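Engineer: Below is the file upload.pdb, which contains PDB, C-alpha atoms, pLDDT in the B column.
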ATOM      1  CA  MET A   1      76.136 217.905 145.728  1.00 70.00           C
ATOM      2  CA  LYS A   2      77.325 216.398 148.991  1.00 88.00           C
ATOM      3  CA  SER A   3      79.597 213.618 150.140  1.00 94.00           C
ATOM      4  CA  LEU A   4      78.405 210.200 151.293  1.00 96.00           C
ATOM      5  CA  THR A   5      80.155 208.449 154.186  1.00 96.00           C
ATOM      6  CA  LEU A   6      79.654 204.879 155.381  1.00 96.00           C
ATOM      7  CA  ARG A   7      81.465 204.196 158.631  1.00 95.00           C
ATOM      8  CA  ASN A   8      81.887 200.696 160.145  1.00 95.00           C
ATOM      9  CA  LEU A   9      78.538 199.598 158.760  1.00 95.00           C
ATOM     10  CA  HIS A  10      77.037 196.289 159.939  1.00 94.00           C
ATOM     11  CA  LYS A  11      73.730 194.616 159.115  1.00 93.00           C
ATOM     12  CA  THR A  12      72.472 191.407 160.698  1.00 92.00           C
ATOM     13  CA  TYR A  13      69.003 189.858 160.597  1.00 84.00           C
ATOM     14  CA  PHE A  14      67.214 186.783 161.883  1.00 76.00           C
ATOM     15  CA  ASP A  15      66.735 184.098 159.231  1.00 76.00           C
ATOM     16  CA  PRO A  16      63.821 181.830 160.247  1.00 78.00           C
ATOM     17  CA  ALA A  17      64.897 179.243 157.662  1.00 75.00           C
ATOM     18  CA  VAL A  18      68.063 178.482 159.628  1.00 74.00           C
ATOM     19  CA  GLY A  19      66.861 179.686 163.025  1.00 77.00           C
ATOM     20  CA  THR A  20      69.771 182.038 163.654  1.00 83.00           C
ATOM     21  CA  ARG A  21      71.083 185.514 162.901  1.00 84.00           C
ATOM     22  CA  VAL A  22      72.832 186.100 159.585  1.00 84.00           C
ATOM     23  CA  THR A  23      75.419 188.785 158.878  1.00 87.00           C
ATOM     24  CA  ALA A  24      74.722 190.528 155.561  1.00 89.00           C
ATOM     25  CA  ILE A  25      77.191 193.428 155.909  1.00 92.00           C
ATOM     26  CA  GLN A  26      80.216 193.568 158.170  1.00 91.00           C
ATOM     27  CA  ASP A  27      82.467 196.556 158.869  1.00 92.00           C
ATOM     28  CA  VAL A  28      81.918 198.380 155.559  1.00 94.00           C
ATOM     29  CA  SER A  29      83.492 201.845 155.406  1.00 95.00           C
ATOM     30  CA  LEU A  30      83.391 204.011 152.297  1.00 95.00           C
ATOM     31  CA  GLU A  31      83.900 207.667 151.430  1.00 95.00           C
ATOM     32  CA  ILE A  32      82.298 209.111 148.271  1.00 96.00           C
ATOM     33  CA  GLY A  33      83.210 212.692 147.501  1.00 96.00           C
ATOM     34  CA  PRO A  34      80.810 215.343 146.178  1.00 95.00           C
ATOM     35  CA  GLY A  35      80.151 214.711 142.493  1.00 94.00           C
ATOM     36  CA  GLU A  36      81.991 211.367 142.508  1.00 96.00           C
ATOM     37  CA  PHE A  37      80.562 208.324 140.710  1.00 96.00           C
ATOM     38  CA  VAL A  38      81.277 205.110 142.632  1.00 97.00           C
ATOM     39  CA  ALA A  39      80.172 201.646 141.526  1.00 97.00           C
ATOM     40  CA  VAL A  40      79.883 198.673 143.886  1.00 96.00           C
ATOM     41  CA  VAL A  41      80.318 195.276 142.208  1.00 95.00           C
ATOM     42  CA  GLY A  42      80.078 191.740 143.474  1.00 91.00           C
ATOM     43  CA  PRO A  43      78.190 188.467 143.047  1.00 89.00           C
ATOM     44  CA  ALA A  44      74.548 187.957 143.944  1.00 86.00           C
ATOM     45  CA  GLY A  45      73.996 187.829 147.690  1.00 84.00           C
ATOM     46  CA  CYS A  46      77.166 189.706 148.633  1.00 89.00           C
ATOM     47  CA  GLY A  47      75.286 192.612 150.216  1.00 89.00           C
ATOM     48  CA  LYS A  48      75.330 195.246 147.453  1.00 92.00           C
ATOM     49  CA  SER A  49      71.619 196.032 147.511  1.00 91.00           C
ATOM     50  CA  THR A  50      71.550 195.806 151.307  1.00 93.00           C
ATOM     51  CA  ILE A  51      74.059 198.661 151.447  1.00 95.00           C
ATOM     52  CA  LEU A  52      72.024 200.753 149.010  1.00 95.00           C
ATOM     53  CA  ASN A  53      68.789 200.123 150.932  1.00 94.00           C
ATOM     54  CA  MET A  54      70.462 201.207 154.169  1.00 95.00           C
ATOM     55  CA  VAL A  55      71.789 204.377 152.528  1.00 96.00           C
ATOM     56  CA  ALA A  56      68.303 205.045 151.134  1.00 95.00           C
ATOM     57  CA  GLY A  57      66.892 204.680 154.643  1.00 94.00           C
ATOM     58  CA  PHE A  58      64.722 201.678 153.775  1.00 94.00           C
ATOM     59  CA  LEU A  59      66.659 199.380 156.138  1.00 93.00           C
ATOM     60  CA  PRO A  60      68.138 200.352 159.504  1.00 93.00           C
ATOM     61  CA  ALA A  61      71.802 199.601 160.106  1.00 93.00           C
ATOM     62  CA  THR A  62      72.523 197.202 162.957  1.00 93.00           C
ATOM     63  CA  ARG A  63      75.637 199.210 163.739  1.00 94.00           C
ATOM     64  CA  GLY A  64      77.633 202.004 162.145  1.00 95.00           C
ATOM     65  CA  ASP A  65      76.958 205.388 160.573  1.00 95.00           C
ATOM     66  CA  ILE A  66      75.676 206.669 157.235  1.00 96.00           C
ATOM     67  CA  ILE A  67      76.221 210.384 156.672  1.00 96.00           C
ATOM     68  CA  VAL A  68      75.187 212.613 153.752  1.00 95.00           C
ATOM     69  CA  GLY A  69      77.242 215.785 153.940  1.00 92.00           C
ATOM     70  CA  ASP A  70      77.262 216.308 157.690  1.00 90.00           C
ATOM     71  CA  ARG A  71      73.811 214.855 158.433  1.00 93.00           C
ATOM     72  CA  PRO A  72      73.317 211.265 159.644  1.00 94.00           C
ATOM     73  CA  VAL A  73      70.787 209.141 157.779  1.00 94.00           C
ATOM     74  CA  LYS A  74      67.886 208.136 160.013  1.00 90.00           C
ATOM     75  CA  GLY A  75      65.363 207.110 157.348  1.00 92.00           C
ATOM     76  CA  PRO A  76      64.260 207.974 153.803  1.00 92.00           C
ATOM     77  CA  GLY A  77      64.740 211.598 152.744  1.00 90.00           C
ATOM     78  CA  ARG A  78      64.702 213.799 149.676  1.00 88.00           C
ATOM     79  CA  ASP A  79      68.472 214.304 149.944  1.00 91.00           C
ATOM     80  CA  ARG A  80      68.741 210.807 148.419  1.00 93.00           C
ATOM     81  CA  GLY A  81      67.129 209.849 145.114  1.00 91.00           C
ATOM     82  CA  VAL A  82      66.687 206.171 144.229  1.00 91.00           C
ATOM     83  CA  VAL A  83      66.528 204.535 140.801  1.00 90.00           C
ATOM     84  CA  PHE A  84      65.237 200.975 141.070  1.00 85.00           C
ATOM     85  CA  GLN A  85      65.919 197.939 138.903  1.00 81.00           C
ATOM     86  CA  ASN A  86      62.264 197.708 137.910  1.00 79.00           C
ATOM     87  CA  PHE A  87      61.089 200.975 136.457  1.00 74.00           C
ATOM     88  CA  ALA A  88      58.686 201.724 139.368  1.00 81.00           C
ATOM     89  CA  LEU A  89      56.722 204.317 137.402  1.00 89.00           C
ATOM     90  CA  LEU A  90      53.115 204.960 138.429  1.00 92.00           C
ATOM     91  CA  PRO A  91      51.112 203.444 135.537  1.00 93.00           C
ATOM     92  CA  TRP A  92      48.120 205.768 135.943  1.00 95.00           C
ATOM     93  CA  LYS A  93      50.220 208.920 135.634  1.00 94.00           C
ATOM     94  CA  THR A  94      51.736 210.468 132.522  1.00 95.00           C
ATOM     95  CA  VAL A  95      55.495 210.652 132.140  1.00 94.00           C
ATOM     96  CA  ILE A  96      55.623 214.323 133.110  1.00 95.00           C
ATOM     97  CA  ASP A  97      53.510 213.632 136.209  1.00 94.00           C
ATOM     98  CA  ASN A  98      55.753 210.706 137.150  1.00 94.00           C
ATOM     99  CA  VAL A  99      58.843 212.877 136.864  1.00 93.00           C
ATOM    100  CA  GLY A 100      57.166 215.627 138.893  1.00 93.00           C
ATOM    101  CA  PHE A 101      55.792 213.298 141.577  1.00 91.00           C
ATOM    102  CA  GLY A 102      58.509 214.033 144.146  1.00 89.00           C
ATOM    103  CA  LEU A 103      58.042 217.750 143.553  1.00 90.00           C
ATOM    104  CA  LYS A 104      54.304 217.351 144.155  1.00 90.00           C
ATOM    105  CA  MET A 105      55.026 215.633 147.485  1.00 88.00           C
ATOM    106  CA  ARG A 106      57.101 218.688 148.420  1.00 88.00           C
ATOM    107  CA  GLY A 107      54.124 220.962 147.787  1.00 90.00           C
ATOM    108  CA  ILE A 108      55.426 222.601 144.599  1.00 91.00           C
ATOM    109  CA  ALA A 109      52.610 223.995 142.466  1.00 93.00           C
ATOM    110  CA  LYS A 110      51.823 222.206 139.205  1.00 92.00           C
ATOM    111  CA  PRO A 111      53.031 224.918 136.783  1.00 92.00           C
ATOM    112  CA  GLU A 112      56.447 224.994 138.470  1.00 94.00           C
ATOM    113  CA  ARG A 113      56.784 221.238 138.806  1.00 92.00           C
ATOM    114  CA  ASP A 114      55.783 220.786 135.158  1.00 94.00           C
ATOM    115  CA  ARG A 115      58.475 223.280 134.177  1.00 94.00           C
ATOM    116  CA  ILE A 116      61.105 221.440 136.206  1.00 93.00           C
ATOM    117  CA  ALA A 117      59.952 218.024 134.977  1.00 93.00           C
ATOM    118  CA  MET A 118      60.087 219.173 131.358  1.00 93.00           C
ATOM    119  CA  GLU A 119      63.610 220.499 131.863  1.00 90.00           C
ATOM    120  CA  PHE A 120      64.744 217.052 132.981  1.00 89.00           C
ATOM    121  CA  LEU A 121      62.762 215.262 130.279  1.00 92.00           C
ATOM    122  CA  GLU A 122      64.536 217.419 127.697  1.00 89.00           C
ATOM    123  CA  LEU A 123      67.850 216.501 129.324  1.00 84.00           C
ATOM    124  CA  ALA A 124      66.994 212.808 128.823  1.00 84.00           C
ATOM    125  CA  GLY A 125      65.581 213.274 125.317  1.00 86.00           C
ATOM    126  CA  LEU A 126      62.063 212.434 126.481  1.00 90.00           C
ATOM    127  CA  SER A 127      60.213 215.730 126.085  1.00 91.00           C
ATOM    128  CA  HIS A 128      58.214 214.271 123.176  1.00 93.00           C
ATOM    129  CA  ALA A 129      56.855 211.581 125.521  1.00 93.00           C
ATOM    130  CA  ALA A 130      55.741 213.908 128.324  1.00 93.00           C
ATOM    131  CA  GLU A 131      52.019 213.195 127.947  1.00 95.00           C
ATOM    132  CA  ARG A 132      52.349 209.465 127.350  1.00 94.00           C
ATOM    133  CA  TYR A 133      51.744 206.776 129.936  1.00 95.00           C
ATOM    134  CA  PRO A 134      54.420 204.274 131.009  1.00 92.00           C
ATOM    135  CA  ASN A 135      52.840 201.375 129.066  1.00 92.00           C
ATOM    136  CA  GLU A 136      53.295 203.407 125.878  1.00 94.00           C
ATOM    137  CA  LEU A 137      57.072 203.567 126.344  1.00 90.00           C
ATOM    138  CA  SER A 138      59.835 201.096 125.621  1.00 88.00           C
ATOM    139  CA  GLY A 139      61.757 199.627 128.551  1.00 84.00           C
ATOM    140  CA  GLY A 140      64.686 201.933 127.877  1.00 85.00           C
ATOM    141  CA  MET A 141      62.471 205.018 127.814  1.00 89.00           C
ATOM    142  CA  GLN A 142      60.793 203.962 131.059  1.00 90.00           C
ATOM    143  CA  GLN A 143      64.146 203.623 132.781  1.00 86.00           C
ATOM    144  CA  ARG A 144      65.312 207.013 131.504  1.00 86.00           C
ATOM    145  CA  ALA A 145      62.104 208.443 132.958  1.00 90.00           C
ATOM    146  CA  GLY A 146      62.947 206.723 136.250  1.00 88.00           C
ATOM    147  CA  VAL A 147      66.405 208.299 136.279  1.00 87.00           C
ATOM    148  CA  VAL A 148      65.184 211.836 135.641  1.00 87.00           C
ATOM    149  CA  ARG A 149      62.339 211.413 138.139  1.00 90.00           C
ATOM    150  CA  ALA A 150      64.996 210.879 140.799  1.00 89.00           C
ATOM    151  CA  LEU A 151      67.097 213.781 139.524  1.00 87.00           C
ATOM    152  CA  ALA A 152      64.185 216.228 139.282  1.00 87.00           C
ATOM    153  CA  ASN A 153      63.781 216.157 143.046  1.00 87.00           C
ATOM    154  CA  GLU A 154      67.329 217.588 143.336  1.00 86.00           C
ATOM    155  CA  PRO A 155      68.877 214.939 145.601  1.00 91.00           C
ATOM    156  CA  ASP A 156      72.339 215.353 147.072  1.00 92.00           C
ATOM    157  CA  VAL A 157      73.097 211.688 146.356  1.00 95.00           C
ATOM    158  CA  LEU A 158      71.728 209.473 143.570  1.00 93.00           C
ATOM    159  CA  LEU A 159      71.378 205.771 144.450  1.00 95.00           C
ATOM    160  CA  MET A 160      71.062 203.315 141.548  1.00 94.00           C
ATOM    161  CA  ASP A 161      70.307 199.638 142.180  1.00 92.00           C
ATOM    162  CA  GLU A 162      71.256 197.705 139.005  1.00 90.00           C
ATOM    163  CA  PRO A 163      69.007 200.058 137.027  1.00 87.00           C
ATOM    164  CA  PHE A 164      69.795 198.609 133.593  1.00 86.00           C
ATOM    165  CA  ALA A 165      69.635 194.908 134.466  1.00 83.00           C
ATOM    166  CA  SER A 166      66.131 194.388 133.059  1.00 76.00           C
ATOM    167  CA  VAL A 167      66.752 195.742 129.536  1.00 79.00           C
ATOM    168  CA  ASP A 168      68.432 194.109 126.546  1.00 81.00           C
ATOM    169  CA  ALA A 169      72.174 194.475 125.925  1.00 84.00           C
ATOM    170  CA  GLN A 170      71.910 197.118 123.193  1.00 85.00           C
ATOM    171  CA  THR A 171      69.480 199.252 125.204  1.00 83.00           C
ATOM    172  CA  ARG A 172      71.726 198.850 128.232  1.00 85.00           C
ATOM    173  CA  MET A 173      74.693 200.307 126.352  1.00 88.00           C
ATOM    174  CA  THR A 174      72.566 203.223 125.178  1.00 86.00           C
ATOM    175  CA  LEU A 175      71.334 203.899 128.726  1.00 85.00           C
ATOM    176  CA  GLN A 176      74.885 203.786 130.079  1.00 89.00           C
ATOM    177  CA  GLU A 177      75.924 206.428 127.544  1.00 87.00           C
ATOM    178  CA  GLU A 178      72.838 208.534 128.369  1.00 85.00           C
ATOM    179  CA  LEU A 179      73.587 208.305 132.076  1.00 87.00           C
ATOM    180  CA  MET A 180      77.158 209.463 131.482  1.00 89.00           C
ATOM    181  CA  ARG A 181      75.944 212.408 129.440  1.00 86.00           C
ATOM    182  CA  ILE A 182      73.419 213.470 132.099  1.00 84.00           C
ATOM    183  CA  TRP A 183      75.881 212.922 134.950  1.00 87.00           C
ATOM    184  CA  GLY A 184      78.501 214.932 133.054  1.00 85.00           C
ATOM    185  CA  GLU A 185      76.116 217.900 132.970  1.00 82.00           C
ATOM    186  CA  ARG A 186      74.813 217.662 136.542  1.00 79.00           C
ATOM    187  CA  ARG A 187      77.651 215.917 138.449  1.00 87.00           C
ATOM    188  CA  HIS A 188      75.512 214.282 141.111  1.00 89.00           C
ATOM    189  CA  THR A 189      77.174 212.145 143.755  1.00 95.00           C
ATOM    190  CA  VAL A 190      76.315 208.588 142.632  1.00 95.00           C
ATOM    191  CA  LEU A 191      76.358 205.195 144.347  1.00 97.00           C
ATOM    192  CA  PHE A 192      75.747 202.643 141.587  1.00 96.00           C
ATOM    193  CA  ILE A 193      75.115 198.946 142.299  1.00 95.00           C
ATOM    194  CA  THR A 194      75.927 196.396 139.593  1.00 94.00           C
ATOM    195  CA  HIS A 195      77.158 192.843 139.100  1.00 90.00           C
ATOM    196  CA  ASP A 196      78.627 193.781 135.691  1.00 91.00           C
ATOM    197  CA  VAL A 197      82.329 194.653 135.932  1.00 93.00           C
ATOM    198  CA  GLY A 198      82.388 196.146 132.430  1.00 92.00           C
ATOM    199  CA  GLU A 199      79.494 198.444 133.287  1.00 93.00           C
ATOM    200  CA  ALA A 200      81.226 199.539 136.490  1.00 95.00           C
ATOM    201  CA  VAL A 201      84.473 200.366 134.668  1.00 94.00           C
ATOM    202  CA  PHE A 202      82.623 202.253 131.920  1.00 94.00           C
ATOM    203  CA  LEU A 203      80.624 204.397 134.336  1.00 94.00           C
ATOM    204  CA  ALA A 204      82.554 204.936 137.534  1.00 95.00           C
ATOM    205  CA  ASP A 205      85.386 207.054 138.882  1.00 95.00           C
ATOM    206  CA  ARG A 206      86.046 204.275 141.375  1.00 96.00           C
ATOM    207  CA  VAL A 207      84.951 200.649 141.701  1.00 97.00           C
ATOM    208  CA  VAL A 208      84.404 199.004 145.097  1.00 96.00           C
ATOM    209  CA  VAL A 209      84.579 195.206 145.055  1.00 96.00           C
ATOM    210  CA  LEU A 210      82.319 193.538 147.609  1.00 94.00           C
ATOM    211  CA  SER A 211      82.306 189.875 148.670  1.00 91.00           C
ATOM    212  CA  LYS A 212      80.333 188.221 151.477  1.00 88.00           C
ATOM    213  CA  GLY A 213      79.545 191.566 153.058  1.00 88.00           C
ATOM    214  CA  HIS A 214      83.148 192.800 153.089  1.00 91.00           C
ATOM    215  CA  VAL A 215      84.960 195.348 150.922  1.00 93.00           C
ATOM    216  CA  LEU A 216      87.796 193.497 149.181  1.00 92.00           C
ATOM    217  CA  ARG A 217      89.275 196.322 147.114  1.00 93.00           C
ATOM    218  CA  GLU A 218      88.719 199.870 145.930  1.00 95.00           C
ATOM    219  CA  ILE A 219      89.983 200.445 142.392  1.00 95.00           C
ATOM    220  CA  PRO A 220      90.281 203.935 140.857  1.00 96.00           C
ATOM    221  CA  ILE A 221      89.347 204.056 137.166  1.00 95.00           C
ATOM    222  CA  THR A 222      91.812 206.306 135.371  1.00 92.00           C
ATOM    223  CA  ILE A 223      90.526 205.771 131.814  1.00 90.00           C
ATOM    224  CA  PRO A 224      89.793 209.228 130.348  1.00 89.00           C
ATOM    225  CA  ARG A 225      86.214 210.185 129.602  1.00 83.00           C
ATOM    226  CA  PRO A 226      84.320 209.788 127.345  1.00 79.00           C
ATOM    227  CA  ARG A 227      84.804 206.022 127.388  1.00 76.00           C
ATOM    228  CA  GLY A 228      83.671 203.617 124.729  1.00 68.00           C
TER     229      GLY A 228
END
Here is the file; what I need is its structure written in the form of structure tokens.

Structural biologist:
Amino acid sequence: MKSLTLRNLHKTYFDPAVGTRVTAIQDVSLEIGPGEFVAVVGPAGCGKSTILNMVAGFLPATRGDIIVGDRPVKGPGRDRGVVFQNFALLPWKTVIDNVGFGLKMRGIAKPERDRIAMEFLELAGLSHAAERYPNELSGGMQQRAGVVRALANEPDVLLMDEPFASVDAQTRMTLQEELMRIWGERRHTVLFITHDVGEAVFLADRVVVLSKGHVLREIPITIPRPRG
């Protein structure tokens, strides 16, 4: 796993509705150590997802630096895995083929990518669903498949954009516990976006509070694990 560094990050864009440029992110700096789990919390519209999309390489920064390990981010790359809020599974592919999709894009032969995908499905308790299609799974199972799809591609940093927001409260608690179990075994560097303070405290080593594009506070979470 590698560190993630955000240095003096700015993002502005032209808003045609108001006919002027709008500042979404201003002077955000953040250091996430290898294997550290950091949650960013804040109200809707404060810039949380903008930060994640810039780290993922989906949006260019107006100014500032994003560095994974010692390499600057210039666009999307396999060193960063993304788990989206909507499950984003390919509906025409089985679960095992969804999990192995990134491996396929890297040119890994099917027997090897199936072996790797099954290893991660077993980690998430989904090996029994390997040959099912996404529409045959519950929402919670689909999101677990989305998490291990990102992990199977062996990213240095895992980016999670409110991944449990679209499931019910009980399923959300179960997924949080599953994520902690998987993270405890693999210790990926994680940047986790959420508006739920309780979720952030349960999951993270450190919570970053964002408001109107600025970092207000960074709060270390010293509660021993496992938490519950």

Engineer: Residues at most 6 Å from Asn153 in chain A, counting all atoms listed in the file, excluding those fewer than 3 positions away in the same chain, as a ChimeraX atom specification?

Structural biologist: /A:102-103,150

Engineer: Using all atoms listed in the file, can you tell me which of A:Ser138, A:Pro91, A:Val99, A:Phe192 comes closest to Asn53 in chain A?

Structural biologist: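 Among A:Ser138, A:Pro91, A:Val99, A:Phe192, it is A:Phe192 that comes nearest to Asn53 in chain A.
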
Engineer: Which of these residues is nearest to Thr62 in chain A, using all atoms listed in the file: A:Thr94, A:Gln85, A:Thr12, A:Gln26?

Structural biologist: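 Residue with the minimum atom-to-atom distance to Thr62 in chain A: A:Thr12.
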
Engineer: Given the PyMOL selection byres ((chain A and resi 120) around 10) and the file above, list the residues it selects as JSON, numbers by chain.

Structural biologist: {"A": [96, 99, 100, 114, 115, 116, 117, 118, 119, 121, 122, 123, 124, 125, 126, 127, 145, 147, 148, 149, 150, 151, 152, 182]}

Engineer: Looking at A:Ala204, A:Val38, A:Cys46, A:Val82, which one is nearest to Phe58 in chain A, with distances taken over all atoms listed in the file?

Structural biologist: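 Closest residue, counting all atoms listed in the file: A:Val82.
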
Engineer: Return as JSON the centre and edge lengths, in Å with one decimal, of the box along x, y and z that encloses every atom of range 69-80 of chain A in the file, padded by 6 Å per side.

Structural biologist:
{"center_x": 70.8, "center_y": 211.7, "center_z": 154.2, "size_x": 25.0, "size_y": 21.2, "size_z": 23.6}

Engineer: Could you list the residues chosen by the PyMOL selection byres ((chain A and resi 180) around 12) in this structure as a PyMOL selection string?

Structural biologist: chain A and resi 37+123-124+147+173-179+181-188+190+199-200+202-205+225-228

Engineer: With a distance cut-off of 10 Å and only C-alpha atoms, select the neighbouring residues of Met54 in chain A, excluding the residue or stretch itself and same-chain residues fewer than 3 positions from it, and output the selection as an mmCIF file with C-alpha atoms, keeping the file's coordinate frame.

Structural biologist:
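The resulting file, out_11.cif, is shown below:
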data_model
loop_
_atom_site.group_PDB
_atom_site.id
_atom_site.type_symbol
_atom_site.label_atom_id
_atom_site.label_comp_id
_atom_site.auth_asym_id
_atom_site.auth_seq_id
_atom_site.Cartn_x
_atom_site.Cartn_y
_atom_site.Cartn_z
ATOM 1 C CA LEU A 6 79.654 204.879 155.381
ATOM 2 C CA LEU A 9 78.538 199.598 158.760
ATOM 3 C CA LYS A 11 73.730 194.616 159.115
ATOM 4 C CA SER A 49 71.619 196.032 147.511
ATOM 5 C CA THR A 50 71.550 195.806 151.307
ATOM 6 C CA ILE A 51 74.059 198.661 151.447
ATOM 7 C CA GLY A 57 66.892 204.680 154.643
ATOM 8 C CA PHE A 58 64.722 201.678 153.775
ATOM 9 C CA LEU A 59 66.659 199.380 156.138
ATOM 10 C CA PRO A 60 68.138 200.352 159.504
ATOM 11 C CA ALA A 61 71.802 199.601 160.106
ATOM 12 C CA THR A 62 72.523 197.202 162.957
ATOM 13 C CA ILE A 66 75.676 206.669 157.235
ATOM 14 C CA VAL A 73 70.787 209.141 157.779
ATOM 15 C CA LYS A 74 67.886 208.136 160.013
ATOM 16 C CA GLY A 75 65.363 207.110 157.348
ATOM 17 C CA PRO A 76 64.260 207.974 153.803
#

Engineer: In Å, how far is it from CA of Arg71 in chain A to CA of Ile25 in chain A?

Structural biologist: 21.8 Å

Engineer: What is the CA of Gly139 in chain A-CA of Gly42 in chain A distance in Å, reported with one decimal?

Structural biologist: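 Taking CA of Gly139 in chain A as the start and CA of Gly42 in chain A as the end point, the length is 24.9 Å.
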
Engineer: Given the PyMOL selection byres ((chain A and resi 89) around 9) and the file above, list the residues it selects as a list of chain:residue names.

Structural biologist: A:Asn86, A:Phe87, A:Ala88, A:Leu90, A:Pro91, A:Trp92, A:Lys93, A:Val95, A:Asn98, A:Val99, A:Pro134, A:Gln142, A:Gln143, A:Ala145, A:Gly146

Engineer: Just give me the residues with any atom within 12 Å of (78.2, 194.7, 150.8), file coordinates, counting only C-alpha atoms, written as a ChimeraX atom specification.

Structural biologist: /A:6,8-12,23-30,39-55,193-195,208-217

Engineer: If we count only C-alpha atoms and set the cut-off at 8 Å, which residues sit around Val22 in chain A, ignoring sequence neighbours fewer than 6 positions away in its own chain? Please answer as a ChimeraX atom specification.

Structural biologist: /A:12-15

Engineer: For the atom pair CA of Ile223 in chain A and CA of Gly198 in chain A, what is the interatomic distance in Å to one decimal place?

Structural biologist: 12.6 Å

Engineer: Ranking A:Ala17, A:Met141, A:Ala130, A:Leu4 by minimum distance to Arg172 in chain A and counting all atoms listed in the file, which one comes first?

Structural biologist: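 For Arg172 in chain A, the nearest of the candidates is A:Met141.
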
Engineer: Show which residues sit within 9 Å of Thr5 in chain A, as a list of chain:residue names. Count all atoms listed in the file, and ignore same-chain residues fewer than 4 positions away.

Structural biologist: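 Here the answer would be A:Ser29, A:Leu30, A:Glu31, A:Ile32, A:Gly33, A:Asp65, A:Ile66, A:Ile67, A:Val68, A:Gly69.
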
Engineer: For Glu36 in chain A, which residue among A:Arg206, A:Thr189, A:Pro220, A:Ser3 is the nearest when counting only C-alpha atoms?

Structural biologist: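 Result for the nearest residue to Glu36 in chain A: A:Thr189.
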